[in-house]
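Visitor: Sharing query.txt below, compact mmCIF, C-alpha atoms:
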```txt
# COMPACT_ATOMS: atom_id res chain seq x y z
CA MET A 1 -51.71 24.38 -55.57
CA PRO A 2 -49.71 24.33 -58.83
CA ASP A 3 -48.40 20.95 -59.91
CA VAL A 4 -45.02 19.97 -58.58
CA THR A 5 -42.96 18.14 -61.20
CA TYR A 6 -41.72 14.64 -60.37
CA LEU A 7 -38.20 13.85 -61.57
CA ARG A 8 -36.66 10.39 -61.38
CA PRO A 9 -32.89 10.47 -61.91
CA ARG A 10 -30.93 7.49 -63.22
CA ASP A 11 -28.12 7.79 -60.66
CA VAL A 12 -26.62 10.19 -58.12
CA ALA A 13 -24.68 12.21 -60.73
CA HIS A 14 -27.90 12.72 -62.67
CA ALA A 15 -29.74 13.63 -59.47
CA VAL A 16 -27.15 16.31 -58.67
CA ARG A 17 -27.53 17.79 -62.17
CA LEU A 18 -31.31 17.83 -61.81
CA CYS A 19 -31.12 19.48 -58.37
CA GLU A 20 -28.65 22.10 -59.60
CA GLY A 21 -30.39 22.73 -62.90
CA THR A 22 -34.05 22.85 -61.86
CA PRO A 23 -35.29 26.00 -60.12
CA ASP A 24 -36.74 25.30 -56.65
CA ALA A 25 -36.10 21.56 -56.82
CA ARG A 26 -36.04 19.54 -53.59
CA PRO A 27 -34.60 16.04 -53.18
CA LEU A 28 -37.17 13.46 -52.04
CA GLY A 29 -36.29 10.36 -50.01
CA GLY A 30 -38.92 8.35 -48.17
CA GLY A 31 -41.17 11.41 -47.93
CA THR A 32 -41.89 11.11 -44.21
CA ASP A 33 -41.13 14.81 -43.66
CA LEU A 34 -41.25 16.38 -47.12
CA MET A 35 -44.61 14.92 -48.20
CA VAL A 36 -46.19 16.30 -45.02
CA MET A 37 -44.79 19.77 -45.67
CA LEU A 38 -45.72 19.63 -49.35
CA HIS A 39 -49.32 18.71 -48.59
CA ALA A 40 -49.58 21.34 -45.84
CA GLY A 41 -48.14 23.97 -48.21
CA THR A 42 -45.30 24.87 -45.82
CA VAL A 43 -42.81 24.20 -48.62
CA ARG A 44 -43.57 25.05 -52.24
CA PRO A 45 -40.93 23.49 -54.48
CA ARG A 46 -41.44 23.38 -58.23
CA ALA A 47 -39.98 19.90 -58.57
CA LEU A 48 -39.08 16.87 -56.47
CA VAL A 49 -36.03 14.81 -57.42
CA ASP A 50 -36.73 11.26 -56.23
CA LEU A 51 -33.70 9.63 -54.62
CA TRP A 52 -35.59 6.76 -53.00
CA SER A 53 -34.82 4.07 -55.55
CA LEU A 54 -31.19 4.91 -56.31
CA ALA A 55 -29.10 1.78 -55.65
CA GLU A 56 -26.03 3.91 -54.83
CA LEU A 57 -27.86 5.30 -51.79
CA LYS A 58 -28.90 1.95 -50.33
CA GLY A 59 -27.12 -0.68 -48.30
CA ILE A 60 -24.89 -0.93 -45.25
CA ARG A 61 -21.22 -1.92 -45.54
CA ARG A 62 -17.99 -2.15 -43.60
CA VAL A 63 -15.44 0.59 -44.44
CA ASP A 64 -11.99 1.22 -42.95
CA GLY A 65 -12.65 0.29 -39.35
CA GLY A 66 -16.23 1.48 -39.31
CA VAL A 67 -19.52 1.15 -41.07
CA GLU A 68 -21.16 3.13 -43.88
CA ILE A 69 -24.93 3.45 -44.24
CA GLY A 70 -26.53 4.52 -47.52
CA ALA A 71 -28.41 7.82 -47.26
CA ALA A 72 -31.65 6.27 -48.56
CA GLU A 73 -31.45 3.05 -46.56
CA PRO A 74 -34.64 2.99 -44.47
CA TYR A 75 -34.58 2.64 -40.67
CA THR A 76 -35.97 -0.87 -41.03
CA GLY A 77 -32.73 -1.82 -42.79
CA ILE A 78 -30.68 -0.24 -39.98
CA ILE A 79 -32.75 -1.98 -37.29
CA GLY A 80 -32.20 -5.35 -38.98
CA SER A 81 -28.52 -4.86 -39.73
CA ALA A 82 -26.00 -7.06 -37.91
CA LEU A 83 -23.27 -4.59 -38.94
CA VAL A 84 -24.97 -1.59 -37.35
CA ALA A 85 -25.74 -3.67 -34.25
CA GLU A 86 -22.03 -4.41 -34.05
CA TYR A 87 -20.67 -0.94 -34.83
CA CYS A 88 -23.30 1.36 -33.34
CA PRO A 89 -26.03 -0.32 -31.30
CA ALA A 90 -27.24 3.13 -30.19
CA LEU A 91 -28.24 3.89 -33.78
CA VAL A 92 -30.36 0.73 -33.84
CA ALA A 93 -31.96 1.84 -30.56
CA ALA A 94 -32.62 5.34 -31.93
CA SER A 95 -34.07 3.97 -35.18
CA ARG A 96 -36.53 1.84 -33.22
CA THR A 97 -37.92 4.95 -31.51
CA ILE A 98 -38.78 6.69 -34.78
CA GLY A 99 -42.52 6.68 -35.53
CA ALA A 100 -43.54 3.05 -35.96
CA ALA A 101 -43.32 0.42 -38.73
CA GLN A 102 -44.81 2.68 -41.42
CA ILE A 103 -42.27 5.45 -40.80
CA GLN A 104 -39.35 3.07 -40.21
CA ASN A 105 -40.03 1.50 -43.62
CA ARG A 106 -39.63 4.88 -45.38
CA GLY A 107 -37.60 7.21 -43.16
CA THR A 108 -33.86 7.48 -43.84
CA LEU A 109 -30.69 8.87 -42.26
CA GLY A 110 -30.17 11.11 -45.28
CA GLY A 111 -33.62 12.56 -44.75
CA ASN A 112 -33.17 13.01 -41.00
CA LEU A 113 -29.92 14.91 -41.70
CA ALA A 114 -31.19 17.05 -44.57
CA ASN A 115 -34.41 17.93 -42.74
CA ALA A 116 -32.19 18.99 -39.81
CA SER A 117 -34.95 19.15 -37.24
CA PRO A 118 -33.62 19.94 -33.76
CA ALA A 119 -35.78 16.97 -32.65
CA GLY A 120 -34.39 14.49 -35.21
CA ASP A 121 -34.01 11.29 -33.24
CA THR A 122 -30.86 9.92 -34.87
CA LEU A 123 -28.95 13.19 -34.93
CA PRO A 124 -27.58 13.23 -31.35
CA VAL A 125 -26.37 9.64 -31.89
CA LEU A 126 -24.59 10.69 -35.07
CA LEU A 127 -23.04 13.65 -33.22
CA ALA A 128 -21.85 11.49 -30.30
CA ALA A 129 -20.49 8.97 -32.81
CA ASP A 130 -18.41 11.54 -34.75
CA ALA A 131 -20.22 10.50 -37.92
CA ILE A 132 -19.06 11.72 -41.32
CA VAL A 133 -21.72 12.92 -43.75
CA VAL A 134 -20.56 11.80 -47.18
CA THR A 135 -22.00 13.84 -50.03
CA ASP A 136 -21.60 13.61 -53.78
CA ARG A 137 -18.56 15.92 -53.51
CA ARG A 138 -17.00 15.82 -50.02
CA ALA A 139 -17.01 14.40 -46.51
CA ILE A 140 -18.49 16.69 -43.84
CA PRO A 141 -17.77 16.01 -40.14
CA ILE A 142 -21.17 15.95 -38.45
CA VAL A 143 -20.08 18.59 -35.97
CA ASP A 144 -19.94 21.08 -38.86
CA PHE A 145 -23.22 19.97 -40.44
CA PHE A 146 -25.97 21.81 -38.56
CA THR A 147 -25.46 25.53 -39.08
CA ALA A 148 -28.70 27.12 -37.83
CA TYR A 149 -32.36 26.22 -37.25
CA ARG A 150 -33.12 23.65 -39.98
CA GLN A 151 -30.06 24.83 -41.94
CA THR A 152 -27.19 22.60 -42.98
CA ALA A 153 -23.74 22.92 -44.54
CA LEU A 154 -25.03 21.40 -47.79
CA ALA A 155 -24.56 23.56 -50.88
CA LEU A 156 -27.30 24.01 -53.47
CA GLY A 157 -27.75 20.68 -55.22
CA GLU A 158 -25.33 18.86 -52.92
CA LEU A 159 -26.73 15.44 -52.01
CA ILE A 160 -26.00 13.23 -49.03
CA VAL A 161 -24.98 9.79 -50.29
CA ALA A 162 -23.98 8.00 -47.07
CA VAL A 163 -23.21 8.31 -43.38
CA ARG A 164 -19.95 6.86 -42.08
CA LEU A 165 -19.50 5.79 -38.47
CA PRO A 166 -16.01 5.26 -37.03
CA ALA A 167 -15.10 2.38 -34.70
CA SER A 168 -15.65 4.63 -31.66
CA ALA A 169 -19.39 4.70 -32.46
CA ARG A 170 -19.69 1.37 -30.67
CA GLY A 171 -19.57 3.06 -27.26
CA VAL A 172 -22.41 5.52 -27.87
CA ARG A 173 -25.44 5.24 -25.60
CA PHE A 174 -28.81 6.81 -26.31
CA ARG A 175 -32.09 7.74 -24.64
CA LYS A 176 -35.15 9.49 -26.03
CA VAL A 177 -37.78 11.07 -23.83
CA GLY A 178 -41.18 11.58 -25.44
CA THR A 179 -44.83 11.52 -24.45
CA ARG A 180 -45.22 7.85 -25.40
CA ALA A 181 -43.08 5.08 -26.86
CA ALA A 182 -44.30 5.22 -30.48
CA GLN A 183 -45.26 8.07 -32.81
CA ALA A 184 -43.85 10.71 -30.45
CA ILE A 185 -41.71 13.70 -31.33
CA SER A 186 -38.97 13.90 -28.73
CA LYS A 187 -38.94 16.29 -25.78
CA VAL A 188 -35.29 15.48 -25.09
CA VAL A 189 -32.81 13.19 -26.84
CA VAL A 190 -29.47 12.38 -25.22
CA ALA A 191 -26.50 10.50 -26.67
CA VAL A 192 -23.16 10.03 -24.91
CA ASN A 193 -19.82 8.42 -25.57
CA ARG A 194 -16.96 7.93 -23.12
CA GLU A 195 -14.06 7.49 -25.50
CA PRO A 196 -13.74 10.08 -26.90
CA ALA A 197 -15.89 12.12 -24.50
CA ARG A 198 -19.01 13.16 -26.37
CA ILE A 199 -22.33 14.49 -25.08
CA ALA A 200 -24.99 15.38 -27.63
CA PHE A 201 -28.58 16.54 -27.28
CA GLY A 202 -31.69 16.90 -29.39
CA SER A 203 -34.71 19.14 -28.72
CA VAL A 204 -32.83 21.43 -26.32
CA ALA A 205 -31.68 24.08 -28.79
CA GLU A 206 -32.41 25.32 -32.31
CA VAL A 207 -30.05 22.66 -33.65
CA PRO A 208 -28.98 19.18 -32.51
CA LEU A 209 -25.83 20.04 -30.56
CA ARG A 210 -22.79 18.82 -28.70
CA ALA A 211 -22.49 20.12 -25.15
CA ARG A 212 -18.88 21.29 -25.26
CA SER A 213 -18.27 22.32 -21.66
CA ALA A 214 -20.02 19.18 -20.41
CA GLU A 215 -17.74 17.15 -22.68
CA ALA A 216 -14.67 18.92 -21.26
CA SER A 217 -15.77 17.92 -17.74
CA LEU A 218 -16.43 14.34 -18.83
CA ALA A 219 -13.01 14.13 -20.46
CA ARG A 220 -11.54 14.98 -17.02
CA GLY A 221 -13.65 12.24 -15.47
CA ASP A 222 -15.88 14.81 -13.72
CA VAL A 223 -19.40 13.41 -14.22
CA GLN A 224 -21.03 15.84 -11.76
CA GLY A 225 -19.39 18.76 -13.50
CA ALA A 226 -20.58 17.45 -16.87
CA VAL A 227 -24.17 17.26 -15.63
CA ALA A 228 -23.99 20.77 -14.17
CA ALA A 229 -22.47 22.20 -17.36
CA VAL A 230 -25.50 21.08 -19.41
CA ALA A 231 -27.45 24.07 -18.11
CA ALA A 232 -25.09 26.49 -19.85
CA ASP A 233 -24.54 24.32 -22.95
CA THR A 234 -28.22 24.05 -23.92
CA ARG A 235 -30.83 26.61 -25.01
CA PRO A 236 -34.21 24.92 -24.55
CA ILE A 237 -37.50 26.69 -25.18
CA ASP A 238 -41.12 26.38 -24.07
CA ASP A 239 -43.30 24.96 -26.85
CA VAL A 240 -46.29 22.68 -27.43
CA ARG A 241 -44.35 19.57 -26.48
CA SER A 242 -42.64 20.68 -23.28
CA THR A 243 -41.11 23.53 -21.30
CA ALA A 244 -37.56 24.82 -21.18
CA GLU A 245 -37.30 23.98 -17.49
CA TYR A 246 -38.49 20.39 -18.01
CA ARG A 247 -36.10 19.87 -20.91
CA ARG A 248 -33.09 21.21 -19.01
CA THR A 249 -33.86 19.15 -15.91
CA VAL A 250 -34.56 15.95 -17.84
CA ALA A 251 -31.49 16.43 -20.05
CA GLN A 252 -29.37 16.59 -16.90
CA ASN A 253 -31.11 13.64 -15.22
CA VAL A 254 -30.88 11.43 -18.29
CA LEU A 255 -27.23 12.36 -18.77
CA ARG A 256 -26.49 11.44 -15.14
CA ASP A 257 -28.23 8.09 -15.69
CA LEU A 258 -26.37 7.34 -18.91
CA LEU A 259 -23.01 8.18 -17.31
CA ARG A 260 -23.70 6.22 -14.12
CA ASP A 261 -23.39 2.74 -15.63
CA MET B 262 -46.98 4.98 -65.11
CA GLN B 263 -47.78 1.42 -64.13
CA PHE B 264 -47.90 -0.50 -60.90
CA THR B 265 -49.60 -3.59 -59.54
CA LEU B 266 -52.64 -2.97 -57.34
CA ASN B 267 -54.02 -5.95 -55.45
CA GLY B 268 -52.55 -8.27 -58.06
CA ALA B 269 -53.74 -6.48 -61.19
CA THR B 270 -51.63 -4.16 -63.35
CA VAL B 271 -52.96 -0.60 -63.38
CA SER B 272 -51.89 2.38 -65.49
CA VAL B 273 -52.44 5.95 -64.37
CA ASP B 274 -51.61 9.21 -66.10
CA VAL B 275 -51.03 11.48 -63.12
CA VAL B 276 -48.51 13.98 -61.77
CA GLY B 277 -45.89 11.88 -59.97
CA THR B 278 -45.77 14.09 -56.88
CA ARG B 279 -49.42 13.44 -56.01
CA ARG B 280 -49.96 11.35 -52.90
CA LEU B 281 -50.50 7.64 -53.51
CA LEU B 282 -53.48 7.90 -51.11
CA ASP B 283 -55.22 10.44 -53.37
CA VAL B 284 -54.53 8.50 -56.57
CA LEU B 285 -55.93 5.33 -55.01
CA ARG B 286 -59.06 6.99 -53.68
CA GLU B 287 -59.83 9.65 -56.27
CA ASP B 288 -58.46 8.30 -59.54
CA LEU B 289 -58.74 4.54 -59.01
CA ARG B 290 -61.76 4.69 -56.67
CA VAL B 291 -60.17 2.16 -54.35
CA THR B 292 -61.22 3.67 -51.04
CA GLY B 293 -60.08 1.15 -48.42
CA ALA B 294 -57.16 3.36 -47.39
CA LYS B 295 -58.57 6.24 -45.32
CA GLU B 296 -57.22 9.70 -44.72
CA GLY B 297 -56.94 10.37 -41.00
CA CYS B 298 -54.23 12.87 -40.16
CA GLY B 299 -52.47 13.31 -43.50
CA GLU B 300 -49.10 13.55 -41.76
CA GLY B 301 -48.00 9.99 -41.06
CA GLU B 302 -49.18 9.83 -37.46
CA CYS B 303 -52.36 7.73 -37.55
CA GLY B 304 -51.82 4.86 -40.01
CA ALA B 305 -55.39 4.95 -41.39
CA CYS B 306 -53.96 5.23 -44.92
CA SER B 307 -51.63 2.23 -44.49
CA VAL B 308 -50.97 0.11 -47.59
CA LEU B 309 -48.34 -2.48 -48.40
CA ILE B 310 -45.69 -1.56 -50.96
CA ASP B 311 -43.73 -4.65 -51.99
CA GLY B 312 -44.86 -6.19 -48.71
CA ALA B 313 -43.78 -3.33 -46.43
CA VAL B 314 -46.45 -1.38 -44.56
CA VAL B 315 -46.28 2.37 -45.30
CA ASN B 316 -48.46 5.44 -44.98
CA SER B 317 -49.85 6.14 -48.46
CA CYS B 318 -50.27 9.83 -47.55
CA LEU B 319 -46.47 10.13 -47.47
CA VAL B 320 -45.69 8.36 -50.75
CA ALA B 321 -45.45 10.27 -54.02
CA VAL B 322 -47.18 8.11 -56.60
CA GLY B 323 -44.19 8.44 -58.95
CA GLN B 324 -42.16 6.49 -56.40
CA ILE B 325 -44.17 3.29 -56.87
CA GLY B 326 -43.71 2.73 -60.59
CA GLY B 327 -43.27 -1.03 -61.04
CA CYS B 328 -44.09 -1.77 -57.39
CA SER B 329 -46.76 -4.02 -55.96
CA VAL B 330 -49.35 -2.20 -53.84
CA VAL B 331 -51.85 -4.01 -51.62
CA THR B 332 -54.80 -2.28 -49.98
CA VAL B 333 -57.39 -3.83 -47.68
CA GLU B 334 -59.37 -4.73 -50.81
CA GLY B 335 -56.56 -7.14 -51.70
CA LEU B 336 -56.51 -9.07 -48.43
CA ALA B 337 -59.50 -11.35 -49.03
CA LEU B 338 -58.95 -14.91 -50.25
CA GLN B 339 -59.25 -15.69 -53.96
CA ASP B 340 -62.83 -16.93 -53.55
CA GLY B 341 -63.76 -13.59 -51.98
CA LYS B 342 -64.03 -14.93 -48.44
CA PRO B 343 -62.32 -12.91 -45.67
CA SER B 344 -58.73 -13.88 -44.89
CA PRO B 345 -58.14 -15.64 -41.55
CA LEU B 346 -56.98 -12.30 -40.12
CA GLN B 347 -60.11 -10.52 -41.35
CA GLN B 348 -62.25 -13.37 -40.00
CA ALA B 349 -60.57 -13.04 -36.60
CA PHE B 350 -61.34 -9.29 -36.59
CA ILE B 351 -65.00 -10.06 -37.39
CA GLU B 352 -65.36 -12.80 -34.79
CA ARG B 353 -63.73 -10.84 -32.00
CA GLY B 354 -65.46 -7.55 -32.72
CA ALA B 355 -62.12 -5.86 -33.40
CA ALA B 356 -63.74 -2.82 -35.02
CA GLN B 357 -65.80 0.02 -33.65
CA CYS B 358 -66.22 2.96 -36.04
CA GLY B 359 -64.03 1.12 -38.57
CA ILE B 360 -61.88 3.97 -39.86
CA CYS B 361 -58.67 2.48 -38.51
CA THR B 362 -59.54 -1.11 -39.44
CA PRO B 363 -58.07 -1.29 -42.97
CA GLY B 364 -54.75 0.09 -41.71
CA MET B 365 -54.79 -2.18 -38.67
CA LEU B 366 -55.37 -5.20 -40.92
CA LEU B 367 -52.50 -4.28 -43.25
CA ALA B 368 -50.05 -3.56 -40.43
CA ALA B 369 -51.05 -6.84 -38.75
CA HIS B 370 -50.75 -8.70 -42.07
CA ALA B 371 -47.20 -7.36 -42.58
CA LEU B 372 -46.30 -8.19 -38.97
CA LEU B 373 -47.53 -11.79 -39.24
CA ASN B 374 -45.70 -12.25 -42.55
CA ALA B 375 -42.42 -11.14 -40.96
CA ASN B 376 -43.04 -12.80 -37.59
CA PRO B 377 -45.66 -15.60 -37.67
CA ARG B 378 -45.61 -16.06 -33.86
CA PRO B 379 -45.41 -12.58 -32.34
CA THR B 380 -45.71 -12.02 -28.61
CA GLU B 381 -48.34 -9.59 -27.35
CA ASP B 382 -45.62 -6.95 -26.96
CA GLU B 383 -44.50 -7.53 -30.53
CA VAL B 384 -48.10 -7.11 -31.72
CA ARG B 385 -48.36 -3.84 -29.80
CA VAL B 386 -45.12 -2.59 -31.38
CA GLY B 387 -46.20 -3.83 -34.81
CA LEU B 388 -49.47 -1.89 -34.56
CA ALA B 389 -47.99 1.17 -32.83
CA GLY B 390 -48.29 3.21 -36.02
CA ASN B 391 -52.05 2.68 -36.21
CA LEU B 392 -54.20 4.79 -33.93
CA CYS B 393 -57.74 3.76 -32.97
CA ARG B 394 -59.54 6.77 -31.53
CA CYS B 395 -62.41 4.57 -30.34
CA THR B 396 -59.53 3.01 -28.33
CA GLY B 397 -60.64 -0.54 -29.03
CA TYR B 398 -57.11 -1.87 -28.97
CA THR B 399 -57.68 -4.93 -26.77
CA LYS B 400 -59.88 -6.80 -29.22
CA ILE B 401 -57.66 -5.83 -32.14
CA ILE B 402 -54.62 -7.25 -30.38
CA ASP B 403 -56.59 -10.37 -29.40
CA ALA B 404 -57.61 -10.88 -33.04
CA VAL B 405 -54.00 -10.66 -34.23
CA LEU B 406 -52.81 -13.01 -31.49
CA ALA B 407 -55.49 -15.51 -32.56
CA CYS B 408 -53.86 -15.68 -36.01
CA ARG B 409 -50.43 -16.77 -34.79
CA MET B 410 -49.15 -19.81 -36.65
```
Before anything else, please render the file you have as structure tokens.
Guide:
Amino acid sequence: MPDVTYLRPRDVAHAVRLCEGTPDARPLGGGTDLMVMLHAGTVRPRALVDLWSLAELKGIRRVDGGVEIGAAEPYTGIIGSALVAEYCPALVAASRTIGAAQIQNRGTLGGNLANASPAGDTLPVLLAADAIVVTDRRAIPIVDFFTAYRQTALALGELIVAVRLPASARGVRFRKVGTRAAQAISKVVVAVNREPARIAFGSVAEVPLRARSAEASLARGDVQGAVAAVAADTRPIDDVRSTAEYRRTVAQNVLRDLLRD
Amino acid sequence: MQFTLNGATVSVDVVGTRRLLDVLREDLRVTGAKEGCGEGECGACSVLIDGAVVNSCLVAVGQIGGCSVVTVEGLALQDGKPSPLQQAFIERGAAQCGICTPGMLLAAHALLNANPRPTEDEVRVGLAGNLCRCTGYTKIIDAVLACRM
């Protein structure tokens, strides 16, 4: 394997220039996905631009009625944050289900978003919370972020700097179904909100998605209709972790549970 | 680049995208961290970076410039005797084949630093990122519980 160059930018502006100006450069956060792929040879960048230590990408702060989380703030910081517990307890719950201590100390929201796995544990929560993905150049509503399997709306060299959660994020509820509590890739992830009506799923389609017809039913107060609509809103597959039928059934059962109380 | 390894400053001249695990084992010949899965699932390569337990197979060595790294070799007391946690592992037979033991010790060390009186459930959660394929978890958990302050 040819050497991959390591680049350590001074700040976000410098990181953007390095990502734009270096052929086949990939941004590196905590490495919990990218270092696996690099070692396995499933990605072959020529350079990694290390964002992990950039102060601009760390921290959690209050912003106009909501909370903003730095893209490179690790899950451990989110789990321990009184602000996130206040503004979006579901994100704390989701962060606790990711890997275990080793992964929570390195994994980040920016990485979960950029990696754009359909099984990313935080992504349905961010969808149900109407999160805003703040990049070095614009603010992207999360609903426009996932464009295809592992594809995002990010332009070449565009870097996620923070994730913003509005006040409505407080009402989001979350459940992950996996083989075991720790170190499990999800079979189904469900996140819901009542006000506004939001129903989001992970691991039931090629992207993390909002179930639009289910949401329309929920907005009318029709919980049974919302549960039924999930069948048409999702596109689960059979794979090593589960079957399409299991995922569809469990997605509906978990949704019914989350909407019951 | 420079970092602190088990209390001593070390300098290495390596490509920054290499895995910390490989630089420790192959360049520095510090072999306490083991390679199990190589994808962040098993915890056998656990080390502490500035006190936080991480999988060294997922860290690019360039990322730890100026950081303090502790491997199992750095856990013993200054006189070379095992730490109380290591002694508890020895006394309770909390090792079978031993491959997971360095990672278990480091995860338990980080847990006890953050939470000196964990419940059994908290120990199980704290060690959830460390897999023992001999499945000798009971004695490992007992050993950690014996070290509560």
Visitor: Give me, please, the distance in Å between atom CA of A:Ala15 and atom CA of A:Arg137, quoted to one decimal.
Guide: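 Taking atom CA of A:Ala15 and atom CA of A:Arg137, their separation equals 12.9 Å.
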Visitor: For chain A, which residue out of B:Ile325, B:Val271, B:Val331, B:Leu336 is the nearest one, using all atoms listed in the file?
Guide: B:Ile325
Visitor: What is the distance, in Å and to one decimal place, between atom CA of B:Leu319 and atom CA of B:Gly390?
Guide: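 So the answer is 13.5 Å.
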Visitor: Quick one: pull the distance between atom CA of A:Pro124 and atom CA of A:Ser53, Å, one decimal.
Guide: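 Calculated distance between atom CA of A:Pro124 and atom CA of A:Ser53 is 26.9 Å.
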Visitor: Name all residues at most 6 Å from stretch 364-379 of chain B (count all atoms listed in the file; drop same-chain ones fewer than 4 positions away) and give them as a list in words.
Guide: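 The residues that qualify are Gly304, Ala305, Ser307, Val314, Glu383, Arg409 and Met410 of chain B.
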Visitor: Could you give me stretch 17-30 of chain A completed to N, CA and C atoms, formatted as an mmCIF file, in the coordinates of the input?
Guide:
```
data_model
loop_
_atom_site.group_PDB
_atom_site.id
_atom_site.type_symbol
_atom_site.label_atom_id
_atom_site.label_comp_id
_atom_site.auth_asym_id
_atom_site.auth_seq_id
_atom_site.Cartn_x
_atom_site.Cartn_y
_atom_site.Cartn_z
ATOM 1 N N ARG A 17 -27.281 16.876 -61.049
ATOM 2 C CA ARG A 17 -27.530 17.790 -62.170
ATOM 3 C C ARG A 17 -28.967 18.296 -62.156
ATOM 4 N N LEU A 18 -29.897 17.413 -61.861
ATOM 5 C CA LEU A 18 -31.310 17.830 -61.810
ATOM 6 C C LEU A 18 -31.545 18.823 -60.677
ATOM 7 N N CYS A 19 -30.930 18.570 -59.511
ATOM 8 C CA CYS A 19 -31.120 19.480 -58.370
ATOM 9 C C CYS A 19 -30.489 20.829 -58.639
ATOM 10 N N GLU A 20 -29.331 20.834 -59.313
ATOM 11 C CA GLU A 20 -28.650 22.100 -59.600
ATOM 12 C C GLU A 20 -29.328 22.862 -60.740
ATOM 13 N N GLY A 21 -29.895 22.092 -61.677
ATOM 14 C CA GLY A 21 -30.390 22.730 -62.900
ATOM 15 C C GLY A 21 -31.872 23.048 -62.905
ATOM 16 N N THR A 22 -32.610 22.620 -61.889
ATOM 17 C CA THR A 22 -34.050 22.850 -61.860
ATOM 18 C C THR A 22 -34.359 23.885 -60.780
ATOM 19 N N PRO A 23 -34.993 24.992 -61.143
ATOM 20 C CA PRO A 23 -35.290 26.000 -60.120
ATOM 21 C C PRO A 23 -36.208 25.422 -59.041
ATOM 22 N N ASP A 24 -35.918 25.731 -57.795
ATOM 23 C CA ASP A 24 -36.740 25.300 -56.650
ATOM 24 C C ASP A 24 -36.994 23.801 -56.634
ATOM 25 N N ALA A 25 -35.962 23.012 -56.912
ATOM 26 C CA ALA A 25 -36.100 21.560 -56.820
ATOM 27 C C ALA A 25 -35.696 21.110 -55.418
ATOM 28 N N ARG A 26 -36.386 20.107 -54.901
ATOM 29 C CA ARG A 26 -36.040 19.540 -53.590
ATOM 30 C C ARG A 26 -35.817 18.052 -53.771
ATOM 31 N N PRO A 27 -34.757 17.498 -53.161
ATOM 32 C CA PRO A 27 -34.600 16.040 -53.180
ATOM 33 C C PRO A 27 -35.657 15.378 -52.308
ATOM 34 N N LEU A 28 -36.150 14.232 -52.756
ATOM 35 C CA LEU A 28 -37.170 13.460 -52.040
ATOM 36 C C LEU A 28 -36.612 12.090 -51.691
ATOM 37 N N GLY A 29 -36.685 11.716 -50.413
ATOM 38 C CA GLY A 29 -36.290 10.360 -50.010
ATOM 39 C C GLY A 29 -37.535 9.545 -49.766
ATOM 40 N N GLY A 30 -37.731 9.130 -48.513
ATOM 41 C CA GLY A 30 -38.920 8.350 -48.170
ATOM 42 C C GLY A 30 -40.162 9.188 -47.966
#
```
